[in-house]
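Have a look at the structure below before the remarks.
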Number of protein chains: 2
Amino acid sequence: MDSFNYYNPTRIIFGKNSIKNIGKEISDAGISKVLIVYGGGSIKSNGVFDTISKSLSKHAIEYIECPGVRPNPTLEHSLAAAKLAKENNVGAVLAVGGGSVIDEAKTITTGFYVDNIWDVFEKKVPITQALPLFTVLTLSGTCSEMDPFAVLSNEAEQKKWGSGSPLWFPKVSIIDPTVQCSLPWNQTVNGAIDAIAHTQEFYFNGTNQEMSSSIGEAIIKTVIKSVDALHIDPASYAPRADLAWAATLALNGISGAGMKGGDWSSHGIEHGISALFPEVAHGAGLAVVFPAWIKYCMNENPAQFNRWAKNIWGVDSCDEAIGIMKAKFKSWGAPVSLKDLNIDEKDIENIAKNATMNGSLGAVKRLDYNDVLQILRLAS
Amino acid sequence: MDSFNYYNPTRIIFGKNSIKNIGKEISDAGISKVLIVYGGGSIKSNGVFDTISKSLSKHAIEYIECPGVRPNPTLEHSLAAAKLAKENNVGAVLAVGGGSVIDEAKTITTGFYVDNIWDVFEKKVPITQALPLFTVLTLSGTCSEMDPFAVLSNEAEQKKWGSGSPLWFPKVSIIDPTVQCSLPWNQTVNGAIDAIAHTQEFYFNGTNQEMSSSIGEAIIKTVIKSVDALHIDPASYAPRADLAWAATLALNGISGAGMKGGDWSSHGIEHGISALFPEVAHGAGLAVVFPAWIKYCMNENPAQFNRWAKNIWGVDSCDEAIGIMKAKFKSWGAPVSLKDLNIDEKDIENIAKNATMNGSLGAVKRLDYNDVLQILRLAS
């Protein structure tokens with residue numbers, strides 16, 4: 001196992017009927033006014049907003065609403081939200097949603113203090129301050145509820161970039177799996193594939209880390225079992241809960257301990273796709289890119305790729321395992337090729353350019369523009 | 001999965017040559033004087049103390065030494081250490097050692113503020129204050145480096161009790177597995193069995209927690225693989241590192257998520273043993289008690305016990321798995337019966353009385369005095 005630092009101070013409150021605790025948690029932190037950030041408004045129809053609103057009122061916490069966060073959240077919306085937070089002088093941000101909402105909320109916590117949050121993503125301005133962040137998770141996948149990272153899209157410049165700071169760890173995240181029982185199926189699948197991808201980004205960079213590799217396998221296999229069970233009964237609580245907690249563990253630091261920071265080129269390539277095609281969900285893009293990346297890189301670290309083939313998919317050949325994984329994704333209704341995403345062969349060069357805009361990608365194998373091009377061709 | 005809260009703010013710095021970071025960590029926390037708590041003095045001969053001393057000096061941190069912590073740390077020593085801490089008005093406690101040292105250090109952090117720390121263990125006084133705690137781990141097993149719990153023995157009253165508080169989470173724990181390469185073999189084994197026991201205390205209380213059960217299996221299997229490898233080459237780094245990290249994960253909250261708090265009667269019974277026989281190491285006592293507890297309780301939650309037999313030991317019968325586990329412990333040189341601990345049949349009643357002094361034990365099955373007696377007979 002390689003050296004590592006592990007630090008994760010986020011408090012998780014997990015389980016049925018846990019959302020009603022949000023008011024007390026915010027009140028205990030001495031905060032009396034929050035900006036509630038959310039997306040398309042499903043939380044208004046499914047009772048989540050109502051539960052939160054009552055809990056905040058009970059603890060005399062004022063709130064300002066900031067709806068309209070998009071999948072692949074945008075700089076434009078983040079800037080407007082930070083302005084709203086400043087005008088109302090809130091003491092914290094409360095994100096209610098999935099990874100996109102929480103990611104944007106993180107950018108708002110620091111956007112409250114800086115002129116333009118994009119300067120942070122461009123590394124021109126360091127993150128030295130942030131409002132406290134609380135989250136109520138409604139879609140598992142990204143682990144944004146228990147990590148210090150955020151991804152933001154600058155549409156004008158066609159850039160989708162990540163940033164992070166220990167100040168961006170949520171103080172408290174509430175995960176009630178029951179609110180995910182009524183999710184559209186493709187959102188469940190996209191979240192699950194994102195969780196598998198996070199685990200694999202660390203896993204394939206492993207060499208002799210028995211503990212972290214075994215945990216990676218436990219997470220991936222739990223995700224697969226859970227999605228298979230939910231495919232039959234989407235409202236079943238036990239697999240919803242397992243999937244939710246697996247997705248959190250996939251990127252809260254546990255699966256990556258001693259894994260030298262992971263690889264992350266599949267994520268880099270996917271960001272190239274969704275920077276140019278914002279309608280592509282992150283998990284859908286990963287379902288397409290990751291199998292192609294494995295095919296391209298599997299001879300770089302063969303022992304670990306073969307371990308993955310055997311321990312996850314029960315076969316000796318990595319090629320065969322890739323086939324089984326794609327068939328599994330397909331059985332869940334996920335795309336497995338660029339064609340499935342309605343992306344043409346002619347767009348591949350632009351995606352590869354975008355993905356390598358800041359230089360080469362990855363750790364298992366360093367990938368330049370031409371490597372990415374070949375991976376995208378394998379994914380066509 | 002059942003509802004749970006997860007919170008663990010301890011920062012882990014893990015790897016070769018990591019001990020030299022201790023001065024900076026303490027200095028970054030704004031602390032300029034610490035009480036260094038340690039045990040028998042092996043840290044003076046193996047270079048650990050020297051590394052720490054240099055690192056503290058480099059950051060202008062004064063220190064007062066408090067050696068002499070015993071396995072099964074005592075109230076008497078804790079009180080003397082707290083007095084020393086008060087007299088010197090230290091700003092933090094630095095524990096250098098294994099679980100006993102860190103446990104006692106936790107009691108000192110609050111002993112600094114209260115008249116008699118035993119009042120805390122008797123639940124007469126709540127834990128409302130604690131000095132910051134830093135640790136350098138030299139023996140993996142208890143997870144005291146990343147949990148908020150401590151066990152203390154009151155020799156005069158023959159009581160060995162536990163307590164805990166979020167204030168007792170170490171701020172920073174440094175784990176350099178290389179310092180464990182030269183441990184006496186029985187200490188390595190005792191730590192490993194403690195880690196297996198912690199995992200199992202949660203695991204056997206599971207019903208439908210796929211994620212946490214899988215993680216429990218990953219931890220137990222990693223511990224077994226690591227000890228087997230160290231039995232051949234005790235100085236091998238990779239299994240030392242895997243064993244160390246597995247032992248931390250066994251009780252830092254990850255293996256217990258959604259497991260309804262675990263069972264803990266094997267620990268309770270073991271505390272009864274080592275309260276009366278303080279020379280018995282905690283891990284050695286658990287090696288004797290746990291197989292007997294499984295035998296006695298395996299029909300209470302058969303699906304999970306059978307899962308354990310199959311996924312850990314590769315057999316369908318739980319009885320057979322118990323036999324394999326005992327043979328494995330024995331192959332490591334661990335005791336597997338009370339006789340191996342030099343405890344007579346005639347002492348069993350006193351142990352059972354001590355273990356159930358505060359009432360019945362356990363969750364998988366509630367155990368009263370007579371149940372404990374029968375388990376101890378199975379362990380004879």
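By order of appearance in the structure tokens: chains A, B, ..., then residues from 1 within every chain, and ligands from 1 in the order shown.
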
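Summary of the local environment: counting only C-alpha atoms, residues at most 9 Å from segment 376-378 of chain A, other than itself and those fewer than 5 positions away along its chain, are Ile269, Val288, Val289, Pro291, Ala292, Trp293, Lys295, Tyr296, Ser337, Leu338, Glu345, Ile348, Glu349, Ile351, Ala352 and Asp371 of chain A.
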
> What are the DSSP alpha helix (DSSP H) residues of segment 34-117 of chain B, as a PyMOL selection string?
Replying inline: chain B and resi 42-45+48-58+75-87+99-111

> What are the residues of chain B that have an atom within 9 Å of an atom of chain A, counting only C-alpha atoms, as an NGL selection string?
Replying inline: :B and (1-16 or 18 or 176 or 208-212 or 214-215 or 217-219 or 221-223 or 225-226 or 237-239 or 241-243 or 245-246 or 249 or 254 or 257-258)

>> Applying 8 Å and only C-alpha atoms, which residues near segment 108-118 of chain B remain after dropping the ones on its own chain fewer than 2 positions away? List them as number ranges by chain.
In response: B: 75, 78-79, 81-83, 85-86, 92-93, 104-106, 120-122, 127, 129-133, 154, 168

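Candidate residues A:Ala192, A:Val101, A:Ala29, A:Ala250 were compared for distance to Lys328 of chain A, and the nearest is A:Ala192, using only C-alpha atoms.
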
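Using only C-alpha atoms, the shortest contact distance between Thr74 of chain B and any of B:Asp347, B:Glu155, B:Asp103, B:Asp119 is found at B:Glu155.
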
Need the shell around Pro278 of chain B: protein/DNA/RNA residues with any atom at most 12 Å away, counting only C-alpha atoms. Skip same-chain ones fewer than 5 positions apart. Format as a PDB file with N, CA, C and O atoms, in the first residue's frame?
```
ATOM      1  N   ARG B  70       0.657   0.606  30.952  1.00  0.00           N
ATOM      2  CA  ARG B  70       0.635  -0.862  30.882  1.00  0.00           C
ATOM      3  C   ARG B  70      -0.390  -1.350  29.868  1.00  0.00           C
ATOM      4  O   ARG B  70      -1.370  -0.661  29.592  1.00  0.00           O
ATOM      5  N   PRO B  71      -0.198  -2.567  29.311  1.00  0.00           N
ATOM      6  CA  PRO B  71      -1.332  -3.209  28.637  1.00  0.00           C
ATOM      7  C   PRO B  71      -2.474  -3.271  29.660  1.00  0.00           C
ATOM      8  O   PRO B  71      -2.198  -3.435  30.862  1.00  0.00           O
ATOM      9  N   ASN B  72      -3.722  -3.130  29.227  1.00  0.00           N
ATOM     10  CA  ASN B  72      -4.832  -2.943  30.154  1.00  0.00           C
ATOM     11  C   ASN B  72      -4.535  -1.759  31.081  1.00  0.00           C
ATOM     12  O   ASN B  72      -4.286  -1.921  32.274  1.00  0.00           O
ATOM     13  N   PRO B  73      -4.515  -0.541  30.533  1.00  0.00           N
ATOM     14  CA  PRO B  73      -4.059   0.629  31.291  1.00  0.00           C
ATOM     15  C   PRO B  73      -4.912   0.870  32.537  1.00  0.00           C
ATOM     16  O   PRO B  73      -6.110   0.579  32.559  1.00  0.00           O
ATOM     17  N   THR B  74      -4.262   1.416  33.553  1.00  0.00           N
ATOM     18  CA  THR B  74      -4.905   1.509  34.861  1.00  0.00           C
ATOM     19  C   THR B  74      -5.320   2.929  35.211  1.00  0.00           C
ATOM     20  O   THR B  74      -4.679   3.905  34.821  1.00  0.00           O
ATOM     21  N   LEU B 152     -10.540   1.419  30.412  1.00  0.00           N
ATOM     22  CA  LEU B 152      -9.630   1.667  31.536  1.00  0.00           C
ATOM     23  C   LEU B 152      -9.922   0.645  32.633  1.00  0.00           C
ATOM     24  O   LEU B 152     -11.074   0.247  32.828  1.00  0.00           O
ATOM     25  N   SER B 153      -8.858   0.210  33.317  1.00  0.00           N
ATOM     26  CA  SER B 153      -9.032  -0.761  34.401  1.00  0.00           C
ATOM     27  C   SER B 153      -8.867  -0.086  35.760  1.00  0.00           C
ATOM     28  O   SER B 153      -7.891   0.623  36.002  1.00  0.00           O
ATOM     29  N   ASN B 154      -9.854  -0.297  36.604  1.00  0.00           N
ATOM     30  CA  ASN B 154      -9.771   0.144  37.997  1.00  0.00           C
ATOM     31  C   ASN B 154      -9.369  -1.089  38.807  1.00  0.00           C
ATOM     32  O   ASN B 154     -10.210  -1.942  39.110  1.00  0.00           O
ATOM     33  N   GLU B 155      -8.090  -1.192  39.108  1.00  0.00           N
ATOM     34  CA  GLU B 155      -7.585  -2.429  39.715  1.00  0.00           C
ATOM     35  C   GLU B 155      -8.145  -2.651  41.114  1.00  0.00           C
ATOM     36  O   GLU B 155      -8.466  -3.776  41.495  1.00  0.00           O
ATOM     37  N   GLN B 158     -11.409  -4.080  40.626  1.00  0.00           N
ATOM     38  CA  GLN B 158     -11.461  -5.159  39.616  1.00  0.00           C
ATOM     39  C   GLN B 158     -12.514  -4.899  38.537  1.00  0.00           C
ATOM     40  O   GLN B 158     -13.320  -5.756  38.179  1.00  0.00           O
ATOM     41  N   LYS B 159     -12.481  -3.669  38.006  1.00  0.00           N
ATOM     42  CA  LYS B 159     -13.414  -3.304  36.940  1.00  0.00           C
ATOM     43  C   LYS B 159     -12.613  -2.879  35.711  1.00  0.00           C
ATOM     44  O   LYS B 159     -11.655  -2.116  35.826  1.00  0.00           O
ATOM     45  N   LYS B 160     -13.020  -3.365  34.535  1.00  0.00           N
ATOM     46  CA  LYS B 160     -12.419  -2.915  33.274  1.00  0.00           C
ATOM     47  C   LYS B 160     -13.558  -2.414  32.406  1.00  0.00           C
ATOM     48  O   LYS B 160     -14.332  -3.208  31.881  1.00  0.00           O
ATOM     49  N   GLU B 270     -14.653 -10.847  27.386  1.00  0.00           N
ATOM     50  CA  GLU B 270     -13.185 -10.726  27.457  1.00  0.00           C
ATOM     51  C   GLU B 270     -12.789  -9.709  28.534  1.00  0.00           C
ATOM     52  O   GLU B 270     -11.804  -9.913  29.250  1.00  0.00           O
ATOM     53  N   HIS B 271     -13.545  -8.619  28.631  1.00  0.00           N
ATOM     54  CA  HIS B 271     -13.219  -7.644  29.687  1.00  0.00           C
ATOM     55  C   HIS B 271     -13.361  -8.278  31.072  1.00  0.00           C
ATOM     56  O   HIS B 271     -12.610  -7.937  31.990  1.00  0.00           O
ATOM     57  N   GLY B 272     -14.315  -9.197  31.198  1.00  0.00           N
ATOM     58  CA  GLY B 272     -14.441  -9.942  32.462  1.00  0.00           C
ATOM     59  C   GLY B 272     -13.193 -10.763  32.746  1.00  0.00           C
ATOM     60  O   GLY B 272     -12.730 -10.845  33.893  1.00  0.00           O
ATOM     61  N   ILE B 273     -12.640 -11.369  31.684  1.00  0.00           N
ATOM     62  CA  ILE B 273     -11.405 -12.155  31.861  1.00  0.00           C
ATOM     63  C   ILE B 273     -10.244 -11.252  32.264  1.00  0.00           C
ATOM     64  O   ILE B 273      -9.574 -11.487  33.275  1.00  0.00           O
ATOM     65  N   ALA B 284      -5.696 -11.927  22.914  1.00  0.00           N
ATOM     66  CA  ALA B 284      -5.609 -13.341  23.317  1.00  0.00           C
ATOM     67  C   ALA B 284      -6.923 -13.792  23.943  1.00  0.00           C
ATOM     68  O   ALA B 284      -7.428 -14.885  23.658  1.00  0.00           O
ATOM     69  N   GLY B 285      -7.490 -12.935  24.770  1.00  0.00           N
ATOM     70  CA  GLY B 285      -8.774 -13.265  25.377  1.00  0.00           C
ATOM     71  C   GLY B 285      -9.869 -13.410  24.331  1.00  0.00           C
ATOM     72  O   GLY B 285     -10.700 -14.325  24.387  1.00  0.00           O
ATOM     73  N   LEU B 341      -4.884 -20.065  28.330  1.00  0.00           N
ATOM     74  CA  LEU B 341      -4.629 -18.803  29.052  1.00  0.00           C
ATOM     75  C   LEU B 341      -4.277 -19.062  30.519  1.00  0.00           C
ATOM     76  O   LEU B 341      -4.161 -18.115  31.300  1.00  0.00           O
ATOM     77  N   ILE B 343      -6.251 -20.352  32.680  1.00  0.00           N
ATOM     78  CA  ILE B 343      -7.403 -20.036  33.526  1.00  0.00           C
ATOM     79  C   ILE B 343      -8.150 -21.333  33.833  1.00  0.00           C
ATOM     80  O   ILE B 343      -8.463 -22.109  32.922  1.00  0.00           O
TER      81      ILE B 343
END
```

>> Let's see if you can do this: from backbone DSSP, list all strand (DSSP E) residues in segment 43-130 of chain A, as a list in words.
In response: Glu62, Tyr63, Ile64, Glu65, Cys66, Ala92, Val93, Leu94, Ala95, Val96 and Gly97 of chain A

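Considering the residues A:Asn306, A:Ser42, A:Asn186, A:Thr51 and counting only C-alpha atoms, Ala287 of chain A has its shortest atom-to-atom contact with A:Asn186.
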
> Skipping near chain neighbours, those fewer than 6 positions away, what residues fall within 12 Å of Lys20 of chain B using only C-alpha atoms, listed as a PyMOL selection string?
Replying inline: chain B and resi 13-14+26+47-59+136+174-176

Using N, CA and C atoms, can you write the selected residues to a file as a tab-separated table (two decimals), in the first residue's frame?
```
chain	number	residue	atom	x	y	z
B	13	ILE	N	-2.42	10.02	8.73
B	13	ILE	CA	-1.24	10.16	7.88
B	13	ILE	C	-0.56	8.80	7.89
B	14	PHE	N	-0.58	8.13	6.76
B	14	PHE	CA	-0.23	6.71	6.69
B	14	PHE	C	0.94	6.49	5.74
B	26	ILE	N	1.18	19.21	15.05
B	26	ILE	CA	0.89	19.80	16.37
B	26	ILE	C	1.06	21.31	16.31
B	47	GLY	N	14.05	3.96	17.67
B	47	GLY	CA	14.19	5.17	16.86
B	47	GLY	C	12.95	6.02	16.78
B	48	VAL	N	11.80	5.49	17.22
B	48	VAL	CA	10.55	6.25	17.09
B	48	VAL	C	10.58	7.52	17.96
B	49	PHE	N	11.03	7.36	19.20
B	49	PHE	CA	11.06	8.53	20.09
B	49	PHE	C	12.00	9.61	19.54
B	50	ASP	N	13.12	9.15	19.03
B	50	ASP	CA	14.11	10.08	18.49
B	50	ASP	C	13.53	10.89	17.32
B	51	THR	N	12.83	10.20	16.43
B	51	THR	CA	12.20	10.88	15.29
B	51	THR	C	11.18	11.91	15.78
B	52	ILE	N	10.40	11.52	16.77
B	52	ILE	CA	9.37	12.43	17.31
B	52	ILE	C	10.03	13.62	17.98
B	53	SER	N	11.02	13.34	18.79
B	53	SER	CA	11.69	14.39	19.54
B	53	SER	C	12.29	15.44	18.59
B	54	LYS	N	12.92	14.98	17.55
B	54	LYS	CA	13.52	15.91	16.56
B	54	LYS	C	12.43	16.73	15.88
B	55	SER	N	11.33	16.05	15.52
B	55	SER	CA	10.25	16.75	14.82
B	55	SER	C	9.61	17.82	15.72
B	56	LEU	N	9.45	17.49	17.01
B	56	LEU	CA	8.87	18.47	17.94
B	56	LEU	C	9.84	19.65	18.11
B	57	SER	N	11.11	19.35	18.28
B	57	SER	CA	12.10	20.41	18.47
B	57	SER	C	12.13	21.34	17.26
B	58	LYS	N	12.06	20.75	16.08
B	58	LYS	CA	12.10	21.54	14.85
B	58	LYS	C	10.98	22.57	14.84
B	59	HIS	N	9.85	22.22	15.47
B	59	HIS	CA	8.70	23.13	15.48
B	59	HIS	C	8.55	23.81	16.84
B	136	VAL	N	0.82	8.59	17.57
B	136	VAL	CA	1.73	7.88	16.66
B	136	VAL	C	1.56	6.41	17.00
B	174	ILE	N	-0.79	9.21	13.18
B	174	ILE	CA	0.23	8.82	12.21
B	174	ILE	C	0.45	7.32	12.31
B	175	ILE	N	0.35	6.65	11.17
B	175	ILE	CA	0.53	5.19	11.12
B	175	ILE	C	1.67	4.89	10.15
B	176	ASP	N	2.82	4.54	10.70
B	176	ASP	CA	3.93	4.10	9.86
B	176	ASP	C	4.12	2.61	10.08
```

> Using only C-alpha atoms, which residue out of A:Ile102, A:Leu361, A:Ile22, A:Ala247 lies closest to Cys143 of chain A?
Replying inline: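 Among A:Ile102, A:Leu361, A:Ile22, A:Ala247, it is A:Ala247 that comes nearest to Cys143 of chain A.
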
> For the atom pair atom CA of Glu201 of chain A and atom CA of Val280 of chain A, what is the interatomic distance in Å to one decimal place?
Replying inline: 20.1 Å
